[in-house]
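One structure is given here, and the rest of the page talks about it.
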Amino acid sequence: MALEFRIVGDTGKNTSKRQVHVHPFVTSTGIHSGLVVLTHPLLELDPEFHPFLNDVNGTDMAINASFSGNAALINNGSTTTSAASGTTTSGATAIIHDTGATFTGSVSVGMIAIDSQSVYSHVTTVVSDIRLDLDGSVPFANGEAYTVGGEWPGTAVQGGWDFSGDISIASANNNDQCRFDNPGTSVMSNYVALTGKITLTTWNETLNELLVSFALAGVPVGNSVDLNDFIDTGLLGTQQNFVIPKADLGLTTQIIDEMDMVIVRTGGPRPVFRFDQLQWEQTGTPLVFTATTPADTRFHVTEIRIGLADDVTGIITGSTTTYPTMTGLAYNSLLGVSALSNGIIFARVQEDKTVFAVSLKQLSDFLATGSNLINMVSDGTNTFITLLVEFPEPIILDGSTGDNLSFTINDNLSGLLLFTAAARGAIEV
C-alpha cells in the first residue's frame with residue numbers, strides 16, 4: 001500500500017510556513033521507483049467579499065447603458081440599406097436640401113453623404129428634417145441624387161466568404177479574411193461602440209479566434225480584438241448580439257476607412273458562422289463593473305452573489321404544500337424588465353486576456369449558466385431575489401497581473417430598483 005507523509009513546519013512568520021509532502025513516485029510503468037519531496041507555502045486565508053464596482057456608478061448596475069441616436073451602418077449582408085436617400089429639391093454647396101426627407105429620424109453627425117458622382121462628404125449638422133449641413137465644398141445641384149449612411153461593401157480577401165445573404169463563411173480555415181471598405185472615411189469621435197449580430201454554427205473557442213480591426217488607407221488604426229471576448233462562444237445555432245466599445249479597439253478620435261475580420265484557427269472542425277447588422281452606435285456607453293483584488297494579493301473566489309429587486313407584485317398559487325404560493329417571475333425577463341437586446345456580458349480576465357465570457361439576457365440565462373435562486377422575498381409591492389453562483393474550485397484572481405471578473409451592462413436596466421453583485425471568497429495572508 002502506498003503511503004503519503006506530510007510534515008508542516010512553522011518558523012513563527014506567516015510567509016515562512018511550509019508544507020512538506022513526501023510520497024511515492026510512480027513511473028509510467030507503475031513501479032514505485034523512489035520518493036519525491038515537495039515544499040510549498042502553507043496558505044492562510046481570510047474570508048472577504050469584493051463588490052463589482054464601476055468608477056462612476058459604484059455598485060449600482062440598475063442603470064441605463066443602452067444605445068441611442070442613429071447608428072451608422074457598416075454592412076447588413078445582402079440587405080443594402082442607407083440612413084437616407086433621395087433627390088435634392090434645391091442646390092447648394094455642402095448642403096443637402098430635400099423637402100420630402102425626414103433626416104432627424106434617421107441621420108446622425110458623422111455619416112457619409114455621397115452625391116451622384118460618388119463624391120463623399122460628412123454630415124456635420126442635422127439642421128432639420130429636410131436639411132443636412134456637410135463638411136468640405138461638395139456642391140449638390142438641384143435635382144441631384146444622394147445617399148447618406150450607405151453600407152461599406154464587403155469583399156473576401158481570403159477564403160469563401162459569402163455576402164449574398166448574411167455575411168457568412170463555411171468550413172473556414174486559418175487566415176481567412178474579409179474586408180469592408182468605407183466609401184469615404186469615418187471619424188471615431190462621432191461613435192461609441194461597434195455592434196452586430198452573430199450566429200455560431202461550428203465554433204471552438206480554444207482553437208478559433210476571430211480578430212476584428214480597423215485601418216486607414218491600409219495602415220492599422222487602433223488594435224485588434226478577439227470576438228471571443230465579447231460573445232457566448234458556447235451558444236451555437238442562436239443569433240446573439242455583441243457590443244465592442246471603441247476603447248477596446250484602441251479608437252478615440254482617429255479616422256478610419258476599412259474594417260477587417262481575420263480567422264485564426266489552430267485545429268479542430270472548421271468554423272461555420274454568419275454576421276448581420278454591423279454598425280457604429282452614435283451615443284450610449286457600455287458600463288463595466290469589475291471585482292478585483294489589490295496588486296499584492298491573491299483572491300480565491302468561491303461564489304458570486306447577485307441581488308435584484310423590482311416592483312413585481314404577482315403572487316402565484318402553487319399546487320404543492322412545499323410551495324403553496326410564490327412570487328410570479330417570468331423566465332424570459334429580468335424581473336420587471338423585458339429580455340435584453342444586447343445582454344449583460346459576464347467575463348473572467350486573467351493576465352489581461354479574457355478566458356471566459358457569456359451573454360445574459362433574461363432570468364433563465366442566469367439559471368441555465370449555473371446560478372441558483374436562493375432567496376425570494378416580497379412585501380406585496382416589491383420583490384427581491386438573490387442568485388448564487390458557486391464554483392467547484394476557487395477562481396484565483398492575482399492582483400499583480402490585473403485579473404478580474406466583470407459584468408458589462410449594454411442595455412437600459414434603470415427599470416430595476418436594485419442590481420448589485422459581489423464576489424465572495426478568501427484572500428491569501
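Scheme for the C-alpha cells: letters A, B, ... for chains in order shown; per-chain residue numbers from 1; ligand numbers from 1 in order shown.
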Query - DSSP helix (DSSP H, G or I) residues within region 160-296 of chain A, as a ChimeraX atom specification - result: /A:188-190,227-230,246-249
Query raised in the report: When DSSP works through the backbone of this structure, what residues of region 127-236 of chain A end up as strand (DSSP E or B), shown as a count of residues only?
Result: 61
Report task. Take CA of Ala291 (chain A) and CA of Thr408 (chain A) and report the distance between them in Å, one decimal. Result ->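 Between CA of Ala291 (chain A) and CA of Thr408 (chain A) the gap works out to 11.8 Å.
Between CA of Gly69 (chain A) and CA of Gly284 (chain A) the separation is 8.5 Å.
If you measure from each of A:Leu278, A:Leu132, A:Ala247, A:Val123 to Leu73 (chain A) using only C-alpha atoms, the closest one turns out to be A:Leu278.
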Near-Pro394 (chain A) list (12 Å; only C-alpha atoms; drop same-chain fewer than 4 positions) as a tab-separated table (two decimals) with C-alpha atoms, in the first residue's frame:
```tsv
chain	number	residue	atom	x	y	z
A	298	ARG	CA	-4.42	36.74	-4.47
A	299	PHE	CA	-8.18	36.40	-4.02
A	300	HIS	CA	-9.77	32.92	-4.04
A	301	VAL	CA	-13.33	33.41	-5.31
A	302	THR	CA	-15.70	30.62	-4.29
A	303	GLU	CA	-19.03	32.24	-5.18
A	304	ILE	CA	-20.78	35.24	-6.71
A	389	VAL	CA	-23.16	31.06	-8.39
A	390	GLU	CA	-20.88	28.55	-6.65
A	423	ALA	CA	-17.55	38.03	-5.38
A	424	ARG	CA	-17.09	36.12	-2.12
A	425	GLY	CA	-14.16	34.01	-1.01
A	426	ALA	CA	-10.90	34.46	0.82
A	427	ILE	CA	-7.68	36.38	0.37
```
What's around Glu258 (chain A) at 8 Å? Count only C-alpha atoms, leave out sequence neighbours fewer than 5 positions away in its own chain, and write the answer as a tab-separated table (two decimals) with C-alpha atoms, in the first residue's frame.
```tsv
chain	number	residue	atom	x	y	z
A	179	ARG	CA	-12.77	43.39	-45.56
A	180	PHE	CA	-15.38	46.14	-45.53
A	181	ASP	CA	-14.35	49.27	-47.42
A	182	ASN	CA	-15.82	52.59	-46.36
A	214	PHE	CA	-9.77	48.86	-38.45
A	215	ALA	CA	-7.43	50.75	-40.76
A	216	LEU	CA	-6.95	53.92	-42.78
A	217	ALA	CA	-5.55	53.55	-46.31
A	218	GLY	CA	-4.30	50.08	-45.41
```
**Report entry** Residue contacts of Phe384 (chain A) (12 Å, only C-alpha atoms) excluding same-chain residues fewer than 3 positions away, as number ranges by chain
**Finding:** A: 306-313, 327-329, 334-336, 373-381, 387, 416-420
Per residue of region 161-222 of chain A within 10 Å of region 112-115 of chain A, note the shortest atom pair and the distance in Å to one decimal, counting only C-alpha atoms, and order the rows by chain and increasing residue number, as JSON lines.
```
{"residue": "A:Asn182", "atom": "CA", "partner": "A:Ile112", "partner_atom": "CA", "distance": 9.0}
{"residue": "A:Pro183", "atom": "CA", "partner": "A:Ile112", "partner_atom": "CA", "distance": 8.0}
{"residue": "A:Gly184", "atom": "CA", "partner": "A:Ile112", "partner_atom": "CA", "distance": 6.6}
{"residue": "A:Thr185", "atom": "CA", "partner": "A:Ile112", "partner_atom": "CA", "distance": 7.5}
{"residue": "A:Ser186", "atom": "CA", "partner": "A:Ile112", "partner_atom": "CA", "distance": 7.5}
```
Would you save the residues of that selection, restricted to N, CA and C atoms, as a PDB file, in the first residue's frame?
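Everything below was put into selection_33.pdb:
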```pdb
ATOM      1  N   ASN A 182     -15.020  51.379 -46.521  1.00  0.00           N
ATOM      2  CA  ASN A 182     -15.818  52.585 -46.356  1.00  0.00           C
ATOM      3  C   ASN A 182     -15.730  53.410 -47.649  1.00  0.00           C
ATOM      4  N   PRO A 183     -16.856  53.806 -48.236  1.00  0.00           N
ATOM      5  CA  PRO A 183     -16.785  54.620 -49.452  1.00  0.00           C
ATOM      6  C   PRO A 183     -16.186  56.005 -49.203  1.00  0.00           C
ATOM      7  N   GLY A 184     -16.115  56.407 -47.957  1.00  0.00           N
ATOM      8  CA  GLY A 184     -15.453  57.657 -47.598  1.00  0.00           C
ATOM      9  C   GLY A 184     -14.540  57.397 -46.423  1.00  0.00           C
ATOM     10  N   THR A 185     -14.675  58.148 -45.361  1.00  0.00           N
ATOM     11  CA  THR A 185     -13.963  57.892 -44.107  1.00  0.00           C
ATOM     12  C   THR A 185     -14.928  58.149 -42.964  1.00  0.00           C
ATOM     13  N   SER A 186     -14.618  57.604 -41.807  1.00  0.00           N
ATOM     14  CA  SER A 186     -15.441  57.822 -40.618  1.00  0.00           C
ATOM     15  C   SER A 186     -14.555  58.321 -39.484  1.00  0.00           C
TER      16      SER A 186
END
```
Query raised in the report: How far is it from CA of Asp257 (chain A) to CA of Ala94 (chain A), in Å with one decimal?
Result: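 Here the two named atoms are 21.0 Å from each other.
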